[in-house]
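All remarks here apply to the structure that follows.
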Amino acid sequence: MPKTLFEKVWDAHVVQAADDASPATLYIDLHLIHEVTSPQAFTMLRERGLSVRRPGQTVATMDHSTPTTPRGADGIIPVTDPIAQKQLSQLVTNCRDFGIPVFELGTINQGIVHVIGPEQGFTQPGMTIVCGDSHTSTHGAFGALAFGIGTSEVGHVLATQCLLQQKPKTMEIRVEGTLAPGVTAKDIILAIIAKIGVGGGTGYVLEYTGSAIRNLTMEERMTICNMSIEAGARAGLIAPDETTFAWLEGRPHAPKGADWERAVADWRTLPSDPGAAYDAVVELDADELAPMITYGTNPGMGMPITGVIPSPEQAEDESQRLTLDKALAYMGLQPNRPLLGHPVDVVFLGSCTNSRITDLRAAARLIEGRQVASTVRMLVVPGSQRVKAQAEAEGLDKIFTAAGAEWREAGCSMCLGMNDDKLKPGQYAVSSSNRNFEGRQGPGGRTFLASPLTVVASAVNGVVSDVREML
Amino acid sequence: MEPITTFTALAVALPIENIDTDQIIPARYLKVTDKNGLGEGLFAEWRNDPEFVLNQPQAREAGILVAGNNFGCGSSREHAPWALLGFGFRAVVSTYFADIFKNNSLKNGLLPIVVDPDTLAHLIATVARDPESEITVDLANQQLRLNDEAPVAFPIDAFSKHCLLHGVDQLGYIQAQEAAIAAYEARHPARLNSLA
């Protein structure tokens with residue numbers, strides 16, 4: 001019987017099959033950990049006298065609570081928040097005690113967990129990958145089954161390298177056609193979430209297919225899979241192909257020599273078989289897409305950049321009306337008005353969604369020779385120290401700073417408001433990140449999610465802007 | 001984990017859809033290295049509003065939260081159920097729960113109870129009108145009862161129900177599969193070595 005990519009990866013990792021009384025036990029190939037969701041799991045290991053079963057299949061980095069402020073004269077990134085410092089020190093202690101490699105703040109391998117995994121070749125097709133972070137779906141861009149877990153499950157994987165899992169359903173999201181200039185992978189995924197809603201993917205693993213997906217770079221595919229969770233799906237998948245193999249070859253932890261040849265031969269068997277059945281199918285026409293932007297307080301509240309904000313009067317029921325009312329009140333926006341031209345205080349280029357070298361190159365090309373509006377603060381935060389070093393080697397940092405933007409150290413930064421990079425209450429931001437929840441970028445802050453190109457266009461004009469007018 | 005059987009508690013209603021885990025517990029509370037005291041950060045931003053339902057006197061006694069569709073979406077932070085439990089909640093009732101939140105809740109003895117939209121609307125309306133409303137949860141029989149009304153059935157997977165009813169530790173359950181895990185590892189050499 002023909003199988004989907006998901007079914008092939010799932011079947012290859014079943015340690016004990018599900019039955020009527022219990023879920024399947026799934027083997028995990030790669031466990032990524034960071035400072036925020038792991039401390040209580042290590043405490044549990046100590047309390048029970050357990051060790052980490054496979055330290056060599058575990059990697060730790062620091063990203064969420066780390067500052068992105070420039071280094072001091074000593075070359076050190078200063079951590080001024082004592083509580084964050086304690087959490088970072090705890091991660092180092094935990095990793096040393098349990099024999100796990102840890103990429104400490106400011107060292108060359110450090111960065112956002114979903115940037116460093118692929119970058120160093122830890123992430124490979126056909127793997128199962130977990131992390132105590134919902135954006136673990138990012139790694140699905142390589143044809144790996146990758147999903148976020150809670151801290152209890154982090155403990156389970158540390159101790160046993162296994163997880164109990166109910167088998168999800170599959171949804172094919174077929175995107176055919178060609179993107180117009182100024183329209184990006186970010187716009188594809190924002191359009192998908194606007195179409196199926198923030199709960200539309202719950203219980204499913206999404207597989208993105210179609211010519212528009214095949215034509216994307218690996219970085220663009222990561223942007224798409226990254227936001228699968230924003231539709232409620234724990235995982236998103238894209239079948240590995242020549243683009244995938246070319247991107248991975250030669251990376252530090254990718255297989256080498258004869259092992260590489262064997263691995264690629266194996267990976268070529270992963271794509272969904274012709275005729276494989278999905279539990280649901282959604283179609284999207286890439287030719288029709290415009291740059292997307294969100295107006296509300298969840299990622300499903302998105303629209304084409306030229307659209308008008310919907311009215312609560314048109315809500316399907318009372319609960320939806322209350323929800324949209326509350327969102328627009330928080331955002332300080334009126335229904336039936338456009339967002340184009342709305343003043344912006346801050347723009348943020350960064351996060352596990354859009355902080356890779358290709359994102360920075362595209363943004364730098366657009367901003368070169370232009371200036372960030374005097375009323376706008378622009379933060380550019382590379383996703384990893386390696387991305388930062390590459391960008392500096394190409395002179396991108398100089399382009400950003402010449403335009404008036406801040407060039408920062410690597411980390412999650414203003415995506416989630418748990419480090420020093422935050423919006424002030426009432427401020428509006430156009431952000432290349434993944435969540436526009438109330439207060440996500442700082443208490444009282446208001447977020448418009450968009451692509452890196454829309455971020456740059458809005459930075460230059462000082463208002464929400466359509467990048468197509470700048471091309 | 002303490003076994004859950006039957007309990008009765010006051011309820012509070014929060015009729016907002018898609019309540020995300022950033023609202024349940026904002027990121028600035030995630031710098032802790034233990035699970036204690038997170039109840040203070042529960043819905044921290046919304047609690048700045050004196051009118052917010054959790055600031056009302058009856059909320060301190062409440063054990064059940066009745067919330068809009070797709071509760072717990074967003075971040076995987078297990079701090080969300082820890083905060084709800086820390087505040088005193090033992091169950092959340094909604095029409096739908098986000099996957100990771102549901103998994104995290106079940107591992108901590110916070111019961112996510114799914115009901116149909118009509119039942120949810122009725123619960124919200126009744127609880128909002130009468131703050132003295134009580135909800136009884138009977139896990140063994142998978143029933144929820146509002147005051148003296150007829151009980152409503154709710155679904156839960158057999159494994160989670162078993163674990164909650166008997167206080168079974170899921171890690172212990174996986175560890176008991178050691179032979180199967182070792183056999184899997186013998187058949188499948190590790191795909192990478194991060195220590196190399």
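Labels used: A, B, ... for chains in the order of the structure tokens, numbers from 1 for residues in each chain, and numbers from 1 for ligands as shown.
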For chain A, which residues have at least one atom within 6 Å of chain B, if we go by only C-alpha atoms? Write them as a PyMOL selection string, please. chain A and resi 21-22+39-40+56-57+84+133-134+150-151+156+323+418
Please produce a file of those selected residues containing N, CA and C atoms, as a compact mmCIF listing (two decimals), in the first residue's frame.
```
# COMPACT_ATOMS: atom_id res chain seq x y z
N ALA A 21 -5.23 0.02 24.40
CA ALA A 21 -5.05 0.55 25.75
C ALA A 21 -3.95 1.60 25.86
N SER A 22 -3.05 1.64 24.88
CA SER A 22 -1.91 2.55 25.05
C SER A 22 -1.40 3.08 23.72
N PRO A 39 15.23 22.77 32.63
CA PRO A 39 15.73 22.64 34.00
C PRO A 39 14.95 21.63 34.85
N GLN A 40 13.62 21.69 34.77
CA GLN A 40 12.80 20.83 35.62
C GLN A 40 12.94 19.36 35.21
N GLY A 56 24.90 11.54 23.02
CA GLY A 56 25.38 11.82 21.66
C GLY A 56 24.26 12.05 20.66
N GLN A 57 23.02 11.88 21.08
CA GLN A 57 21.88 12.22 20.23
C GLN A 57 21.14 13.42 20.81
N ALA A 84 18.03 35.29 34.48
CA ALA A 84 18.42 34.66 33.22
C ALA A 84 19.80 34.02 33.37
N ASP A 133 10.08 22.99 22.53
CA ASP A 133 9.80 24.26 21.87
C ASP A 133 8.88 23.96 20.69
N SER A 134 7.79 24.70 20.61
CA SER A 134 6.77 24.36 19.61
C SER A 134 7.25 24.56 18.18
N GLY A 150 6.55 19.08 25.77
CA GLY A 150 6.64 19.77 27.06
C GLY A 150 7.81 19.27 27.87
N THR A 151 7.98 19.86 29.04
CA THR A 151 9.15 19.53 29.86
C THR A 151 9.08 18.11 30.43
N HIS A 156 11.28 12.46 29.62
CA HIS A 156 11.11 11.10 29.08
C HIS A 156 12.19 10.79 28.04
N THR A 323 -14.09 37.49 20.46
CA THR A 323 -12.66 37.27 20.27
C THR A 323 -12.06 38.34 19.35
N MET A 418 11.22 37.61 26.48
CA MET A 418 11.74 37.12 27.76
C MET A 418 13.22 37.44 27.93
```
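Once Leu91 of chain A and its same-chain neighbours fewer than 2 positions away are set aside, His34, Glu35, Val36, Ser38, Pro39, Ala60, Thr61, Met62, Lys86, Gln87, Leu88, Ser89, Thr93, Asn94, Cys95, Arg96 and Val102 of chain A remain within 9 Å of it when counting only C-alpha atoms.
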Considering only strand (DSSP E or B) as DSSP defines it on the backbone, what residues of segment 123-335 of chain A qualify? List them as a ChimeraX atom specification. /A:128-131,145-148,162-165,169-176,204-209,235-237,280-285,292-294,302-304,308
Given the selection you just returned, output its residues as a file containing C-alpha atoms, formatted as a CSV table (one decimal), in the first residue's frame.
```
chain,number,residue,atom,x,y,z
A,128,THR,CA,12.5,12.0,14.5
A,129,ILE,CA,13.5,15.2,16.2
A,130,VAL,CA,12.0,16.8,19.3
A,131,CYS,CA,12.6,19.8,21.4
A,145,LEU,CA,9.3,14.2,11.7
A,146,ALA,CA,9.9,17.0,14.2
A,147,PHE,CA,7.7,18.4,16.9
A,148,GLY,CA,7.6,20.4,20.1
A,162,CYS,CA,11.5,7.5,23.5
A,163,LEU,CA,8.1,9.2,23.6
A,164,LEU,CA,4.6,7.9,23.9
A,165,GLN,CA,2.6,9.2,21.0
A,169,LYS,CA,-3.7,12.3,10.9
A,170,THR,CA,-2.1,13.6,7.7
A,171,MET,CA,-3.1,16.8,5.7
A,172,GLU,CA,-1.6,17.6,2.3
A,173,ILE,CA,-1.2,21.3,1.6
A,174,ARG,CA,-0.7,21.6,-2.1
A,175,VAL,CA,0.7,24.9,-3.3
A,176,GLU,CA,1.0,25.1,-7.1
A,204,TYR,CA,-2.6,16.6,11.9
A,205,VAL,CA,0.9,16.5,10.5
A,206,LEU,CA,1.0,18.8,7.5
A,207,GLU,CA,2.9,17.8,4.3
A,208,TYR,CA,3.5,20.7,2.0
A,209,THR,CA,3.6,19.7,-1.7
A,235,ALA,CA,4.6,19.0,12.7
A,236,GLY,CA,5.0,20.1,9.0
A,237,LEU,CA,6.9,18.1,6.4
A,280,ALA,CA,-7.4,15.9,4.4
A,281,VAL,CA,-6.2,18.0,1.4
A,282,VAL,CA,-6.0,21.8,1.2
A,283,GLU,CA,-5.0,23.6,-2.0
A,284,LEU,CA,-3.5,27.1,-2.5
A,285,ASP,CA,-2.7,28.9,-5.7
A,292,MET,CA,0.4,39.0,3.8
A,293,ILE,CA,0.1,40.8,7.1
A,294,THR,CA,-1.7,40.1,10.4
A,302,GLY,CA,-4.0,37.6,8.6
A,303,MET,CA,-4.9,39.2,5.2
A,304,PRO,CA,-3.3,40.5,2.0
A,308,VAL,CA,-9.2,45.8,5.1
```
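The shell of residues at most 12 Å from Thr80 of chain A, with only C-alpha atoms counted and near chain neighbours (fewer than 4 positions) removed, consists of Ser65, Thr66, Pro67, Thr68, Thr69, Ile76, Ala84, Gln85, Lys86, Leu88, Asn419 and Asp420 of chain A.
Once Thr4 of chain A and its same-chain neighbours fewer than 3 positions away are set aside, Glu7, Lys8, Ser272, Asp273 and Ala276 of chain A remain within 7 Å of it when counting only C-alpha atoms.
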Those residues with C-alpha atoms, as a short mmCIF file (atom, residue, chain, number, x, y, z; two decimals), in the first residue's frame please?
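Dumped to selection_7.cif:
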```
data_model
loop_
_atom_site.label_atom_id
_atom_site.label_comp_id
_atom_site.auth_asym_id
_atom_site.auth_seq_id
_atom_site.Cartn_x
_atom_site.Cartn_y
_atom_site.Cartn_z
CA GLU A 7 3.94 7.21 7.56
CA LYS A 8 7.38 6.09 6.40
CA SER A 272 5.26 10.03 -0.36
CA ASP A 273 4.44 7.24 -2.81
CA ALA A 276 -0.65 7.69 -1.01
#
```
Members of segment 293-448 of chain A assigned helix (DSSP H, G or I) by DSSP, as a ChimeraX atom specification: /A:312-314,318-331,357-367,385-393,396-402,413-415
Write the residues of the selection above to a file with C-alpha atoms, as an mmCIF file, in the first residue's frame.
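Output file selection.cif is given in full below:
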```cif
data_model
loop_
_atom_site.group_PDB
_atom_site.id
_atom_site.type_symbol
_atom_site.label_atom_id
_atom_site.label_comp_id
_atom_site.auth_asym_id
_atom_site.auth_seq_id
_atom_site.Cartn_x
_atom_site.Cartn_y
_atom_site.Cartn_z
ATOM 1 C CA PRO A 312 -16.720 41.782 14.339
ATOM 2 C CA GLU A 313 -20.232 42.402 12.969
ATOM 3 C CA GLN A 314 -19.499 39.776 10.327
ATOM 4 C CA GLU A 318 -20.969 35.409 19.578
ATOM 5 C CA SER A 319 -17.755 33.757 20.682
ATOM 6 C CA GLN A 320 -15.925 34.740 17.489
ATOM 7 C CA ARG A 321 -17.318 38.260 17.734
ATOM 8 C CA LEU A 322 -16.041 38.652 21.304
ATOM 9 C CA THR A 323 -12.657 37.272 20.266
ATOM 10 C CA LEU A 324 -12.258 39.666 17.319
ATOM 11 C CA ASP A 325 -13.596 42.587 19.378
ATOM 12 C CA LYS A 326 -10.997 41.887 22.051
ATOM 13 C CA ALA A 327 -8.232 41.523 19.450
ATOM 14 C CA LEU A 328 -9.012 44.830 17.710
ATOM 15 C CA ALA A 329 -9.364 46.643 21.045
ATOM 16 C CA TYR A 330 -5.935 45.339 22.085
ATOM 17 C CA MET A 331 -4.445 46.287 18.728
ATOM 18 C CA ILE A 357 21.443 34.109 5.878
ATOM 19 C CA THR A 358 19.088 34.226 2.874
ATOM 20 C CA ASP A 359 16.586 36.294 4.893
ATOM 21 C CA LEU A 360 19.340 38.752 5.799
ATOM 22 C CA ARG A 361 20.625 38.888 2.205
ATOM 23 C CA ALA A 362 17.167 39.641 0.798
ATOM 24 C CA ALA A 363 16.545 42.310 3.434
ATOM 25 C CA ALA A 364 19.990 43.870 2.905
ATOM 26 C CA ARG A 365 19.504 44.043 -0.877
ATOM 27 C CA LEU A 366 16.259 45.932 -0.349
ATOM 28 C CA ILE A 367 17.495 48.355 2.303
ATOM 29 C CA GLN A 385 26.578 33.059 15.492
ATOM 30 C CA ARG A 386 27.443 31.342 12.197
ATOM 31 C CA VAL A 387 24.765 33.321 10.356
ATOM 32 C CA LYS A 388 26.135 36.456 11.992
ATOM 33 C CA ALA A 389 29.710 35.645 10.951
ATOM 34 C CA GLN A 390 28.632 34.843 7.375
ATOM 35 C CA ALA A 391 26.609 38.060 7.133
ATOM 36 C CA GLU A 392 29.568 40.089 8.391
ATOM 37 C CA ALA A 393 31.881 38.384 5.894
ATOM 38 C CA LEU A 396 25.541 42.812 5.312
ATOM 39 C CA ASP A 397 26.018 44.205 8.826
ATOM 40 C CA LYS A 398 27.463 47.393 7.320
ATOM 41 C CA ILE A 399 24.493 47.740 4.980
ATOM 42 C CA PHE A 400 22.054 47.445 7.892
ATOM 43 C CA THR A 401 23.913 49.822 10.190
ATOM 44 C CA ALA A 402 24.427 52.362 7.376
ATOM 45 C CA SER A 413 15.392 38.347 20.839
ATOM 46 C CA MET A 414 12.148 40.264 20.354
ATOM 47 C CA CYS A 415 10.191 37.232 19.180
#
```
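If you count only C-alpha atoms and ignore residues fewer than 5 places along the chain from Glu230 of chain A, what sits within 9 Å of it is His135, Ile193, Gly197, Val198, Gly199, Gly201, Asn298, Pro299, Gly300, Asn434 and Arg435 of chain A; Cys73 and Gly74 of chain B.
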Can I get the selection written as a PDB file, in the first residue's frame, with C-alpha atoms?
```pdb
ATOM      1  CA  HIS A 135       8.710  25.652  16.595  1.00  0.00           C
ATOM      2  CA  ILE A 193      -2.919  29.826   8.413  1.00  0.00           C
ATOM      3  CA  GLY A 197      -7.256  28.944  11.061  1.00  0.00           C
ATOM      4  CA  VAL A 198      -5.090  28.598  14.173  1.00  0.00           C
ATOM      5  CA  GLY A 199      -6.838  25.347  15.088  1.00  0.00           C
ATOM      6  CA  GLY A 201      -4.195  21.746  11.724  1.00  0.00           C
ATOM      7  CA  ASN A 298      -3.258  35.311  16.603  1.00  0.00           C
ATOM      8  CA  PRO A 299      -1.457  34.266  13.414  1.00  0.00           C
ATOM      9  CA  GLY A 300      -4.720  33.238  11.743  1.00  0.00           C
ATOM     10  CA  ASN A 434       5.815  33.914  14.193  1.00  0.00           C
ATOM     11  CA  ARG A 435       3.422  35.061  16.927  1.00  0.00           C
TER      12      ARG A 435
ATOM     13  CA  CYS B  73      -2.516  27.074  21.468  1.00  0.00           C
ATOM     14  CA  GLY B  74       0.971  28.398  20.774  1.00  0.00           C
TER      15      GLY B  74
END
```
Selection: 7 Å around Phe348 of chain A, only C-alpha atoms, excl. self and same-chain fewer than 5 positions, as a ChimeraX atom specification: /A:378-380,430-432
Kindly export the residues of the current selection with N, CA and C atoms, as a JSON list (two decimals), in the first residue's frame.
```
[["chain", "number", "residue", "atom", "x", "y", "z"],
["A", 378, "MET", "N", 14.84, 49.77, 14.19],
["A", 378, "MET", "CA", 14.94, 48.50, 13.47],
["A", 378, "MET", "C", 16.00, 47.62, 14.11],
["A", 379, "LEU", "N", 15.58, 46.41, 14.52],
["A", 379, "LEU", "CA", 16.52, 45.43, 15.05],
["A", 379, "LEU", "C", 16.75, 44.34, 14.01],
["A", 380, "VAL", "N", 18.01, 44.04, 13.74],
["A", 380, "VAL", "CA", 18.34, 42.91, 12.89],
["A", 380, "VAL", "C", 19.10, 41.91, 13.76],
["A", 430, "VAL", "N", 6.23, 45.83, 13.03],
["A", 430, "VAL", "CA", 6.13, 44.87, 11.94],
["A", 430, "VAL", "C", 7.26, 43.89, 12.17],
["A", 431, "SER", "N", 6.91, 42.60, 12.28],
["A", 431, "SER", "CA", 7.87, 41.62, 12.76],
["A", 431, "SER", "C", 7.93, 40.40, 11.84],
["A", 432, "SER", "N", 9.16, 39.93, 11.59],
["A", 432, "SER", "CA", 9.32, 38.73, 10.76],
["A", 432, "SER", "C", 9.19, 37.46, 11.60]]
```
Test item: residues at most 9 Å from Val9 of chain A, only C-alpha atoms, excluding those fewer than 2 positions along its chain, as a PyMOL selection string: chain A and resi 4-7+11-13+126-128+143-145+270
With distances taken over only C-alpha atoms, which of A:Gly257, A:Gly106, A:Pro335, A:Gly117 is nearest to Asp74 of chain A? A:Gly106
